[in-house]
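For reference, entry-v2.cif (mmCIF, C-alpha atoms and all ligand atoms):
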```cif
data_my_file
loop_
_atom_site.label_atom_id
_atom_site.label_comp_id
_atom_site.auth_asym_id
_atom_site.auth_seq_id
_atom_site.Cartn_x
_atom_site.Cartn_y
_atom_site.Cartn_z
CA MET W 28 0.00 0.00 0.00
CA THR W 29 1.59 3.22 -1.10
CA ASN W 30 -1.07 5.87 -0.58
CA ASP W 31 -0.75 6.55 -4.25
CA PHE W 32 -4.36 7.18 -5.12
CA LYS W 33 -6.53 10.13 -6.05
CA THR W 34 -9.00 11.61 -3.60
CA LEU W 35 -11.90 14.04 -3.75
CA ASP W 36 -9.28 16.79 -3.60
CA ASP W 37 -8.29 15.85 -7.15
CA LEU W 38 -11.81 16.55 -8.43
CA PRO W 39 -12.89 19.98 -9.65
CA ASP W 40 -14.89 22.09 -7.18
CA ASP W 41 -17.78 22.24 -9.58
CA LEU W 42 -19.23 18.86 -10.47
CA THR W 43 -22.55 20.20 -11.69
CA GLY W 44 -24.47 17.45 -13.41
CA LYS W 45 -21.60 14.93 -13.27
CA ARG W 46 -22.87 11.46 -12.44
CA VAL W 47 -20.65 10.11 -9.68
CA LEU W 48 -20.97 6.44 -8.75
CA VAL W 49 -19.98 6.07 -5.10
CA ARG W 50 -19.24 2.61 -3.69
CA VAL W 51 -20.22 2.79 -0.05
CA ASP W 52 -20.67 0.03 2.50
CA LEU W 53 -24.30 0.30 3.55
CA ASN W 54 -24.34 -3.29 4.76
CA VAL W 55 -25.78 -2.47 8.18
CA PRO W 56 -26.92 -5.17 10.60
CA MET W 57 -30.70 -5.60 10.77
CA VAL W 58 -32.74 -6.96 13.68
CA ASP W 59 -36.44 -7.59 13.02
CA GLY W 60 -36.41 -5.31 9.97
CA ALA W 61 -34.80 -2.40 11.83
CA ILE W 62 -31.19 -1.21 11.63
CA SER W 63 -29.43 -2.20 14.86
CA ASP W 64 -26.24 -0.19 14.21
CA ASP W 65 -26.04 2.65 11.68
CA THR W 66 -22.26 3.29 11.99
CA ARG W 67 -21.69 2.45 8.34
CA LEU W 68 -24.44 4.77 7.12
CA ARG W 69 -23.01 7.60 9.17
CA ALA W 70 -19.52 6.92 7.85
CA ALA W 71 -20.75 7.36 4.28
CA VAL W 72 -22.37 10.75 4.84
CA PRO W 73 -19.38 13.14 4.52
CA THR W 74 -18.46 11.95 1.03
CA ILE W 75 -22.08 11.88 -0.13
CA ALA W 76 -22.75 15.39 1.20
CA GLU W 77 -19.53 16.82 -0.26
CA LEU W 78 -20.24 15.47 -3.74
CA ALA W 79 -23.87 16.61 -3.64
CA ASP W 80 -22.75 20.08 -2.51
CA LYS W 81 -20.45 20.25 -5.51
CA GLY W 82 -23.43 19.64 -7.78
CA ALA W 83 -22.84 16.00 -8.60
CA ILE W 84 -25.60 13.49 -9.22
CA VAL W 85 -24.62 11.08 -6.46
CA LEU W 86 -25.31 7.42 -7.22
CA LEU W 87 -24.72 5.05 -4.34
CA LEU W 88 -23.61 1.48 -4.97
CA SER W 89 -23.55 -1.05 -2.15
CA HIS W 90 -24.12 -4.65 -1.26
CA PHE W 91 -26.63 -5.38 1.48
CA GLY W 92 -26.77 -8.83 3.09
CA ARG W 93 -26.03 -12.02 1.21
CA PRO W 94 -28.67 -12.46 -1.49
CA LYS W 95 -26.27 -14.61 -3.56
CA GLY W 96 -27.29 -13.30 -6.96
CA ARG W 97 -31.03 -13.37 -6.30
CA VAL W 98 -33.56 -10.61 -5.79
CA ARG W 99 -34.53 -10.60 -2.11
CA PRO W 100 -37.01 -7.88 -1.05
CA ASP W 101 -35.75 -8.14 2.54
CA MET W 102 -32.28 -7.19 1.25
CA SER W 103 -33.32 -4.34 -1.01
CA THR W 104 -31.42 -1.11 -0.56
CA ALA W 105 -34.86 0.55 -0.77
CA LEU W 106 -34.96 -0.18 2.97
CA LEU W 107 -32.08 2.26 3.41
CA VAL W 108 -33.70 5.23 1.68
CA LYS W 109 -35.45 6.52 4.79
CA PRO W 110 -32.50 6.19 7.20
CA LEU W 111 -30.16 7.80 4.65
CA THR W 112 -32.61 10.62 4.06
CA GLU W 113 -32.66 11.28 7.79
CA LEU W 114 -28.88 11.09 8.20
CA THR W 115 -28.02 13.28 5.21
CA GLY W 116 -30.90 15.70 5.69
CA ARG W 117 -31.43 15.52 1.92
CA SER W 118 -33.83 13.66 -0.25
CA VAL W 119 -32.61 10.26 -1.41
CA ARG W 120 -34.36 8.33 -4.16
CA PHE W 121 -34.27 4.66 -4.98
CA ILE W 122 -33.13 3.35 -8.39
CA GLU W 123 -34.38 -0.15 -9.12
CA ASP W 124 -31.19 -1.64 -10.55
CA CYS W 125 -27.46 -0.98 -10.28
CA GLN W 126 -26.95 -1.33 -14.04
CA GLY W 127 -28.84 -1.30 -17.32
CA PRO W 128 -31.12 0.93 -19.41
CA GLU W 129 -33.94 1.25 -16.87
CA ALA W 130 -31.55 2.54 -14.24
CA ALA W 131 -30.02 4.88 -16.84
CA ARG W 132 -33.47 6.31 -17.67
CA ALA W 133 -34.25 6.92 -14.01
CA ILE W 134 -30.91 8.64 -13.54
CA GLU W 135 -31.57 10.93 -16.53
CA THR W 136 -34.38 12.53 -14.54
CA MET W 137 -32.11 13.36 -11.58
CA THR W 138 -30.91 16.93 -11.07
CA ALA W 139 -27.55 18.33 -9.98
CA GLY W 140 -26.91 17.77 -6.25
CA SER W 141 -29.42 14.96 -5.87
CA ILE W 142 -28.79 11.53 -4.39
CA GLY W 143 -29.90 8.12 -5.60
CA ILE W 144 -29.34 4.74 -4.06
CA LEU W 145 -29.03 1.94 -6.59
CA GLU W 146 -30.40 -1.53 -5.88
CA ASN W 147 -28.23 -4.09 -4.04
CA THR W 148 -25.21 -4.95 -6.21
CA ARG W 149 -25.38 -8.57 -5.02
CA PHE W 150 -28.78 -9.08 -6.65
CA HIS W 151 -26.57 -9.81 -9.67
CA SER W 152 -24.40 -12.95 -9.42
CA GLY W 153 -21.79 -11.07 -11.47
CA GLU W 154 -21.02 -8.81 -8.50
CA GLU W 155 -19.07 -11.40 -6.49
CA LEU W 156 -17.66 -12.94 -9.70
CA ASN W 157 -16.26 -9.54 -10.73
CA ASP W 158 -18.03 -10.04 -14.05
CA PRO W 159 -16.72 -7.49 -16.57
CA GLU W 160 -20.19 -7.20 -18.17
CA LEU W 161 -21.76 -6.19 -14.85
CA ALA W 162 -18.91 -3.76 -14.17
CA LYS W 163 -19.54 -2.25 -17.60
CA GLY W 164 -23.26 -2.00 -16.87
CA MET W 165 -22.55 -0.14 -13.63
CA ALA W 166 -19.86 2.07 -15.12
CA GLY W 167 -22.23 3.05 -17.94
CA LEU W 168 -24.43 4.85 -15.39
CA GLY W 169 -21.75 7.31 -14.31
CA ASP W 170 -18.96 9.63 -15.35
CA LEU W 171 -16.71 9.13 -12.31
CA PHE W 172 -16.19 6.46 -9.66
CA VAL W 173 -15.51 7.08 -5.98
CA ASN W 174 -14.76 4.20 -3.63
CA ASP W 175 -15.53 5.00 0.00
CA ALA W 176 -15.93 1.42 1.21
CA PHE W 177 -12.65 0.28 2.79
CA SER W 178 -14.54 -2.50 4.57
CA ALA W 179 -15.39 -4.04 1.17
CA ALA W 180 -11.95 -3.44 -0.36
CA HIS W 181 -10.65 -6.95 0.38
CA ARG W 182 -13.09 -8.32 -2.19
CA ALA W 183 -12.39 -8.13 -5.92
CA HIS W 184 -16.01 -7.59 -6.93
CA ALA W 185 -17.55 -5.76 -9.88
CA SER W 186 -18.42 -2.72 -7.74
CA THR W 187 -15.06 -2.58 -5.92
CA ASP W 188 -12.59 -3.67 -8.59
CA GLY W 189 -14.06 -4.12 -12.09
CA ILE W 190 -15.68 -0.70 -12.22
CA ALA W 191 -12.46 1.07 -11.18
CA HIS W 192 -10.86 -0.16 -14.40
CA LEU W 193 -13.51 1.60 -16.45
CA LEU W 194 -13.96 5.06 -14.96
CA PRO W 195 -11.70 7.75 -13.50
CA SER W 196 -11.50 6.56 -9.87
CA PHE W 197 -11.03 8.34 -6.57
CA ALA W 198 -10.92 7.45 -2.87
CA GLY W 199 -13.76 8.94 -0.83
CA ARG W 200 -13.13 10.72 2.48
CA ALA W 201 -13.60 7.67 4.73
CA MET W 202 -11.48 5.46 2.47
CA ALA W 203 -8.69 8.04 2.29
CA ALA W 204 -8.67 8.54 6.07
CA GLU W 205 -8.46 4.79 6.59
CA LEU W 206 -5.62 4.31 4.11
CA ILE W 207 -3.63 7.21 5.52
CA ALA W 208 -4.02 5.89 9.08
CA LEU W 209 -3.02 2.35 8.10
CA GLN W 210 -0.02 3.62 6.17
CA ARG W 211 1.04 5.59 9.22
CA ALA W 212 0.71 2.52 11.45
CA LEU W 213 2.47 -0.17 9.43
CA GLY W 214 3.52 1.24 6.06
CA ASP W 215 5.91 3.93 7.15
CA PRO W 216 5.59 4.17 10.94
CA ASP W 217 7.55 6.10 13.53
CA ARG W 218 9.55 3.55 15.51
CA PRO W 219 9.57 1.67 17.76
CA VAL W 220 6.28 0.03 16.73
CA ALA W 221 4.26 -2.26 18.98
CA ALA W 222 1.46 -4.56 17.93
CA VAL W 223 -1.08 -5.98 20.36
CA VAL W 224 -2.72 -9.13 19.06
CA GLY W 225 -5.35 -10.84 21.16
CA GLY W 226 -8.62 -12.63 20.68
CA ALA W 227 -9.69 -16.18 21.01
CA LYS W 228 -7.67 -18.21 18.58
CA VAL W 229 -4.24 -18.38 16.99
CA SER W 230 -5.75 -20.18 14.00
CA SER W 231 -7.70 -17.11 12.86
CA LYS W 232 -4.65 -14.86 13.12
CA LEU W 233 -1.64 -16.95 12.09
CA ALA W 234 -1.11 -14.90 8.95
CA VAL W 235 -1.43 -11.67 10.95
CA LEU W 236 1.20 -12.82 13.46
CA GLY W 237 3.51 -14.05 10.70
CA HIS W 238 3.36 -10.67 8.94
CA LEU W 239 3.63 -8.55 12.09
CA VAL W 240 6.87 -10.15 13.31
CA THR W 241 8.55 -8.81 10.17
CA LYS W 242 7.08 -5.32 10.65
CA VAL W 243 7.02 -4.42 14.33
CA ASP W 244 9.59 -4.13 17.11
CA HIS W 245 7.33 -5.50 19.86
CA LEU W 246 4.62 -8.10 19.42
CA ILE W 247 2.37 -8.31 22.45
CA ILE W 248 0.31 -11.49 22.50
CA GLY W 249 -2.73 -11.73 24.77
CA GLY W 250 -6.17 -13.30 24.77
CA GLY W 251 -6.85 -16.98 24.31
CA MET W 252 -4.13 -17.20 21.69
CA ALA W 253 -1.46 -16.40 24.28
CA ASN W 254 -2.23 -19.78 25.86
CA THR W 255 -1.06 -21.60 22.75
CA PHE W 256 2.20 -19.65 22.81
CA LEU W 257 2.64 -20.34 26.54
CA ALA W 258 2.01 -24.04 25.90
CA ALA W 259 4.60 -23.97 23.12
CA ARG W 260 7.04 -22.71 25.79
CA GLY W 261 6.24 -25.80 27.86
CA ILE W 262 3.88 -24.05 30.28
CA ASN W 263 0.89 -25.99 31.59
CA VAL W 264 -2.21 -23.94 30.78
CA GLY W 265 -4.72 -26.26 32.49
CA LYS W 266 -8.22 -26.15 30.98
CA SER W 267 -7.55 -22.92 29.05
CA LEU W 268 -8.51 -22.49 25.44
CA CYS W 269 -5.40 -23.79 23.67
CA GLU W 270 -4.81 -25.03 20.13
CA LYS W 271 -2.48 -27.98 20.70
CA ASP W 272 -2.21 -28.67 16.96
CA LEU W 273 -0.66 -25.23 16.47
CA LEU W 274 2.29 -25.53 18.88
CA GLY W 275 4.61 -25.99 15.90
CA GLU W 276 3.22 -22.85 14.24
CA ALA W 277 3.72 -20.94 17.48
CA GLU W 278 7.30 -22.17 17.62
CA SER W 279 7.89 -20.96 14.08
CA ILE W 280 6.49 -17.51 14.96
CA PHE W 281 9.02 -17.34 17.84
CA GLU W 282 11.83 -18.22 15.42
CA ARG W 283 10.76 -15.74 12.77
CA ALA W 284 10.44 -13.03 15.41
CA GLU W 285 13.95 -13.67 16.62
CA ALA W 286 15.33 -13.55 13.10
CA ALA W 287 13.52 -10.24 12.48
CA ASN W 288 14.57 -8.67 15.80
CA CYS W 289 10.99 -8.52 17.02
CA THR W 290 10.47 -9.02 20.75
CA ILE W 291 7.48 -11.20 21.61
CA HIS W 292 5.79 -10.35 24.90
CA LEU W 293 3.78 -13.02 26.67
CA PRO W 294 2.13 -12.45 30.06
CA TYR W 295 3.94 -13.57 33.24
CA ASP W 296 0.84 -13.44 35.32
CA VAL W 297 -2.72 -14.35 34.42
CA VAL W 298 -6.27 -14.26 35.78
CA VAL W 299 -7.65 -17.78 36.15
CA ALA W 300 -10.89 -19.43 37.25
CA LYS W 301 -12.35 -22.92 37.41
CA GLU W 302 -15.56 -21.85 35.71
CA PHE W 303 -16.24 -19.23 33.09
CA ALA W 304 -18.85 -16.97 34.70
CA PRO W 305 -19.06 -13.39 35.98
CA ASN W 306 -16.95 -12.95 39.13
CA PRO W 307 -16.59 -16.68 39.82
CA PRO W 308 -15.65 -17.71 43.40
CA SER W 309 -12.57 -19.57 42.12
CA LEU W 310 -11.11 -16.40 40.55
CA ARG W 311 -7.44 -15.76 41.29
CA VAL W 312 -4.34 -14.15 39.84
CA CYS W 313 -1.24 -16.29 39.50
CA ASN W 314 2.08 -16.66 37.78
CA VAL W 315 1.77 -18.45 34.42
CA HIS W 316 3.75 -21.36 35.89
CA GLU W 317 1.14 -21.91 38.62
CA VAL W 318 -2.03 -22.56 36.62
CA ALA W 319 -3.73 -25.67 38.04
CA ALA W 320 -4.99 -28.50 35.84
CA ASP W 321 -8.63 -27.54 36.49
CA GLU W 322 -8.19 -23.80 35.91
CA MET W 323 -8.47 -21.71 32.78
CA ILE W 324 -6.76 -18.47 31.84
CA LEU W 325 -9.35 -15.80 31.10
CA ASP W 326 -7.30 -12.61 31.15
CA ILE W 327 -3.71 -11.49 31.46
CA GLY W 328 -2.64 -10.35 34.92
CA PRO W 329 -1.96 -6.92 36.44
CA ALA W 330 1.85 -7.29 36.49
CA ALA W 331 1.81 -8.11 32.79
CA VAL W 332 -0.41 -5.11 32.07
CA GLU W 333 1.97 -2.83 33.92
CA ALA W 334 4.98 -4.16 32.02
CA LEU W 335 3.15 -3.81 28.70
CA GLY W 336 2.22 -0.23 29.57
CA ASP W 337 5.97 0.44 29.92
CA VAL W 338 6.57 -1.10 26.49
CA LEU W 339 3.98 1.25 25.00
CA LYS W 340 5.56 4.23 26.76
CA ASN W 341 8.74 3.55 24.81
CA CYS W 342 6.96 3.11 21.48
CA ARG W 343 5.86 5.73 18.95
CA THR W 344 3.30 3.61 17.11
CA LEU W 345 0.75 0.99 18.16
CA VAL W 346 -1.47 -1.26 16.13
CA TRP W 347 -4.02 -3.28 18.07
CA ASN W 348 -6.27 -6.16 17.09
CA GLY W 349 -7.98 -8.46 19.56
CA PRO W 350 -8.87 -8.17 23.25
CA LEU W 351 -6.41 -9.38 25.91
CA GLY W 352 -9.04 -11.37 27.79
CA ALA W 353 -12.62 -12.61 27.66
CA PHE W 354 -13.67 -8.97 28.07
CA GLU W 355 -17.43 -9.51 27.70
CA THR W 356 -17.50 -11.11 31.17
CA LYS W 357 -16.36 -9.26 34.27
CA PRO W 358 -13.71 -9.02 35.60
CA PHE W 359 -11.93 -10.47 32.55
CA ASP W 360 -12.13 -7.07 30.85
CA GLU W 361 -9.65 -5.49 33.24
CA ALA W 362 -6.40 -5.98 31.32
CA THR W 363 -7.89 -4.85 28.03
CA VAL W 364 -9.46 -1.79 29.63
CA ALA W 365 -6.27 -0.85 31.51
CA LEU W 366 -3.91 -1.20 28.54
CA ALA W 367 -6.39 0.58 26.23
CA ARG W 368 -6.49 3.49 28.70
CA THR W 369 -2.70 3.64 28.81
CA ALA W 370 -2.59 3.69 25.00
CA ALA W 371 -5.25 6.42 24.93
CA ALA W 372 -3.35 8.53 27.47
CA LEU W 373 -0.10 8.21 25.50
CA THR W 374 -1.97 9.15 22.33
CA ARG W 375 -3.46 12.19 24.06
CA GLN W 376 0.02 13.25 25.17
CA GLY W 377 1.18 13.03 21.59
CA SER W 378 3.78 10.32 22.17
CA LEU W 379 1.93 7.47 20.44
CA VAL W 380 0.09 6.98 17.15
CA SER W 381 -2.54 4.35 17.94
CA VAL W 382 -4.50 2.45 15.33
CA ALA W 383 -6.94 -0.33 16.19
CA GLY W 384 -9.44 -2.49 14.35
CA GLY W 385 -11.54 -5.65 14.51
CA GLY W 386 -15.15 -6.20 15.54
CA ASP W 387 -14.52 -7.27 19.12
CA THR W 388 -11.61 -4.88 19.48
CA VAL W 389 -13.82 -1.90 18.65
CA ALA W 390 -16.41 -3.18 21.13
CA ALA W 391 -13.69 -3.53 23.78
CA LEU W 392 -12.34 -0.01 23.18
CA ASN W 393 -15.85 1.38 23.38
CA HIS W 394 -16.34 -0.56 26.61
CA ALA W 395 -13.13 1.06 27.92
CA GLY W 396 -14.49 4.45 26.79
CA VAL W 397 -11.38 5.29 24.78
CA ALA W 398 -12.23 4.58 21.12
CA ALA W 399 -12.45 8.31 20.35
CA GLU W 400 -9.01 8.92 21.85
CA PHE W 401 -7.18 6.49 19.61
CA THR W 402 -5.60 8.06 16.53
CA PHE W 403 -7.76 5.87 14.31
CA VAL W 404 -10.18 3.03 14.88
CA SER W 405 -11.10 0.96 11.86
CA THR W 406 -14.59 -0.49 11.77
CA ALA W 407 -13.68 -2.74 8.85
CA GLY W 408 -13.54 -6.39 9.93
CA GLY W 409 -12.17 -8.64 7.19
CA ALA W 410 -10.45 -5.86 5.27
CA PHE W 411 -8.61 -4.69 8.39
CA LEU W 412 -7.38 -8.22 9.15
CA GLU W 413 -6.23 -8.78 5.56
CA TRP W 414 -4.36 -5.50 5.73
CA MET W 415 -2.74 -6.72 9.00
CA GLU W 416 -1.69 -9.82 7.07
CA GLY W 417 0.15 -7.58 4.62
CA ARG W 418 -2.12 -8.53 1.76
CA THR W 419 -2.93 -6.31 -1.17
CA LEU W 420 -6.57 -5.28 -1.02
CA PRO W 421 -8.05 -5.44 -4.54
CA GLY W 422 -10.29 -2.41 -4.02
CA VAL W 423 -7.29 -0.35 -2.92
CA ALA W 424 -5.01 -1.71 -5.64
CA ALA W 425 -7.62 -0.68 -8.20
CA LEU W 426 -7.52 2.91 -6.91
CA GLU W 427 -3.72 2.92 -6.98
CA ARG W 428 -3.66 1.58 -10.51
CA ALA W 429 -6.17 4.22 -11.55
CA ALA W 430 -3.89 6.94 -10.19
P1 LIG V 501 -11.59 -9.19 16.82
O1 LIG V 501 -13.06 -9.35 16.47
O2 LIG V 501 -11.32 -7.84 17.43
O3 LIG V 501 -10.68 -9.51 15.67
P2 LIG V 501 -11.44 -11.83 17.95
O4 LIG V 501 -12.75 -12.17 17.32
O5 LIG V 501 -10.22 -12.47 17.41
O6 LIG V 501 -11.24 -10.24 17.99
O7 LIG V 501 -11.46 -12.25 19.48
C1 LIG V 501 -12.40 -11.80 20.41
C2 LIG V 501 -12.83 -12.86 21.38
O8 LIG V 501 -11.72 -13.46 22.04
C3 LIG V 501 -13.72 -12.29 22.45
O9 LIG V 501 -15.00 -12.83 22.31
C4 LIG V 501 -13.06 -12.72 23.75
O10 LIG V 501 -13.98 -13.14 24.73
C5 LIG V 501 -12.19 -13.87 23.32
N1 LIG V 501 -11.10 -14.12 24.26
C6 LIG V 501 -10.11 -13.27 24.61
N2 LIG V 501 -9.31 -13.82 25.54
C7 LIG V 501 -9.79 -15.05 25.80
C8 LIG V 501 -9.40 -16.12 26.68
N3 LIG V 501 -8.33 -16.01 27.48
N4 LIG V 501 -10.13 -17.26 26.68
C9 LIG V 501 -11.21 -17.35 25.88
N5 LIG V 501 -11.63 -16.38 25.02
C10 LIG V 501 -10.93 -15.24 24.98
MG MG V 502 -14.29 -11.13 16.33
#
```
Can you turn what I pasted into structure tokens?
Ligand code: ADP
Ligand code: MG
Amino acid sequence: MTNDFKTLDDLPDDLTGKRVLVRVDLNVPMVDGAISDDTRLRAAVPTIAELADKGAIVLLLSHFGRPKGRVRPDMSTALLVKPLTELTGRSVRFIEDCQGPEAARAIETMTAGSIGILENTRFHSGEELNDPELAKGMAGLGDLFVNDAFSAAHRAHASTDGIAHLLPSFAGRAMAAELIALQRALGDPDRPVAAVVGGAKVSSKLAVLGHLVTKVDHLIIGGGMANTFLAARGINVGKSLCEKDLLGEAESIFERAEAANCTIHLPYDVVVAKEFAPNPPSLRVCNVHEVAADEMILDIGPAAVEALGDVLKNCRTLVWNGPLGAFETKPFDEATVALARTAAALTRQGSLVSVAGGGDTVAALNHAGVAAEFTFVSTAGGAFLEWMEGRTLPGVAALERAA
């Protein structure tokens, strides 16, 4: 990732009557027909409003749910017209297809500065297949393409990749902010750099760990996955979540870290209990060497948190994915909350650039009340993880190629 892409700043101030196709991620979670979290809609608003203010005809492209190439009324983007109207404070109309002559005719009646939301891109099976014909059908509806959906950029789909080959292409405001923050965290960071990787399993993050050891100076491992690394060091982790089949992989991460001069930090003390429940009577803190056969590790301990805080104090950059403990259940949130607050304080003081991402990580930072104090928090799930793996994201590569 080079940050070599065009943004809205490269567009003329006057876009009167220009049809701008904007790929947004409007894939909001729904519960009983109502939106349960509108974060993604809100994230799309600045780019939409800016383009409309410049006189563009703003045409929104998005997937919504998993219709798998079929028309599903419960996954129609028509359901998003009202919430988007409310959030933008402008009128938003629905266009019944994301390609083709009927959509083109509807768009012809739109005036400068107006907003249309095109039907779910995934109603066409060509979307996920990156079908060039579908990309052409979409591109035919517009003059320019703006991609503002970082969270969909790890997919090479017609609306994220194919279309960017066919129209002048630009990163929207949210996309640009995300790419700049990620570049600052791992592309060209101020050193030393620390990474915190936690969460339940090593298996879901092997590629992340393998990439990070070549990029960062300190790799802090917490969460359930730390147990596998402790076990690889010959430590008895009792009944803890532990992936015994991955001890060899853990060993190889240690070796690669050593070769790359990356220090791996594992906890020396842990919070254990005999049952996984809120405030269980068997709760205790112990040294990692003292975990009993019937106990499980559910958080890292206070001495470890203090030592890790000192590591962060000596670092200039932090990238964080995954909670340090089973933070949804008290008191196993304590390490995550404490280290997140240290990172937030260092960020506030200007000594640390802090970038975090991942579904549960964002929830944990919100729980700690510090998400707003981090330099950047990515709400992209899969795309953020693939970026942490060092992979090229097709949607981003398409913007770079276009530039
Ligand atoms: P993210 O969504 O941020 O990428 P993950 O999905 O990888 O994070 O991991 C989050 C989950 O890991 C949480 O549900 C948390 O309860 C769990 N977890 C963290 N530490 C432990 C532990 N020691 N034992 C069991 N589960 C844990
Ligand atoms: Mg998760």
Local residues around (-2.5, -8.3, -4.9), at most 12 Å away, using all atoms listed in the file, as a PyMOL selection string: chain W and resi 28+180-183+188+413-414+417-425+427-428
At a cut-off of 8 Å, can you tabulate as a Markdown table every residue of region 288-334 of chain W near region 245-264 of chain W together with its closest atom pair and the distance in Å to one decimal, using all atoms listed in the file and ordering rows by chain then number?
```
| residue | atom | partner | partner_atom | distance |
| --- | --- | --- | --- | --- |
| W:Cys289 | CA | W:His245 | CA | 5.5 |
| W:Thr290 | CA | W:His245 | CA | 4.8 |
| W:Ile291 | CA | W:Leu246 | CA | 4.8 |
| W:His292 | CA | W:Ile247 | CA | 4.7 |
| W:Leu293 | CA | W:Ile248 | CA | 5.6 |
| W:Pro294 | CA | W:Gly249 | CA | 7.2 |
| W:Val315 | CA | W:Ile262 | CA | 7.3 |
| W:His316 | CA | W:Ile262 | CA | 6.2 |
| W:Val318 | CA | W:Val264 | CA | 6.0 |
| W:Ala319 | CA | W:Val264 | CA | 7.6 |
| W:Ala320 | CA | W:Val264 | CA | 7.4 |
| W:Glu322 | CA | W:Val264 | CA | 7.9 |
| W:Met323 | CA | W:Val264 | CA | 6.9 |
| W:Ile324 | CA | W:Val264 | CA | 7.2 |
| W:Leu325 | CA | W:Gly251 | CA | 7.3 |
| W:Asp326 | CA | W:Gly250 | CA | 6.5 |
| W:Ile327 | CA | W:Gly249 | CA | 6.8 |
```
Option closest in space to ligand LIG 501 (chain V), from W:Ala367, W:Val229, W:Ala399, W:Leu379 [counting all atoms listed in the file]: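 For ligand LIG 501 (chain V), the nearest of the candidates is W:Val229.
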So, counting all atoms listed in the file, which residue among W:Glu154, W:Asp387, W:Asp36, W:Glu123 is closest to Gly225 (chain W)?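 Result for the nearest residue to Gly225 (chain W): W:Asp387.
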Counting only C-alpha atoms, the residue of W:Ala212, W:Leu168, W:Ala133, W:Cys342 that sits nearest Leu193 (chain W): W:Leu168
Close residues to ligand LIG 501 (chain V) using only C-alpha atoms and all ligand atoms, limit 7 Å, as a ChimeraX atom specification: /W:225-228,231,249-251,267-268,324-326,348-355,384-389
Using all atoms listed in the file, the best pick from W:Glu278, W:Ser186, W:Arg117, W:Val173 as closest to Asp158 (chain W) would be W:Ser186
Taking (-15.4, -0.6, -13.2) in the file's own coordinates, collect the residues within 12 Å, counting only C-alpha atoms, and hand them back as a PyMOL selection string. chain W and resi 48-50+88+126+154+157-174+183-197+422+425-426+429
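Using only C-alpha atoms and all ligand atoms, the smallest distance between any of W:Ala410, W:Val55, W:Ala390, W:Ile142 and ligand MG 502 (chain V) comes from W:Ala390.
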Could you give me, as a ChimeraX atom specification, the residues within 8 Å of Phe91 (chain W), counting all atoms listed in the file and dropping anything in the same chain fewer than 3 positions from it? /W:53-55,94,102-104,147-149
Which residue, W:Gly199, W:Gly409, W:Glu113, W:Leu310, has the smallest gap to ligand MG 502 (chain V) when you use only C-alpha atoms and all ligand atoms? W:Gly409
Separation of CA of Asn341 (chain W) and CA of Asp244 (chain W), in Å?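 Separation between CA of Asn341 (chain W) and CA of Asp244 (chain W): 10.9 Å.
Between CA of Pro219 (chain W) and CA of Asp296 (chain W) the interatomic distance comes to 24.8 Å.
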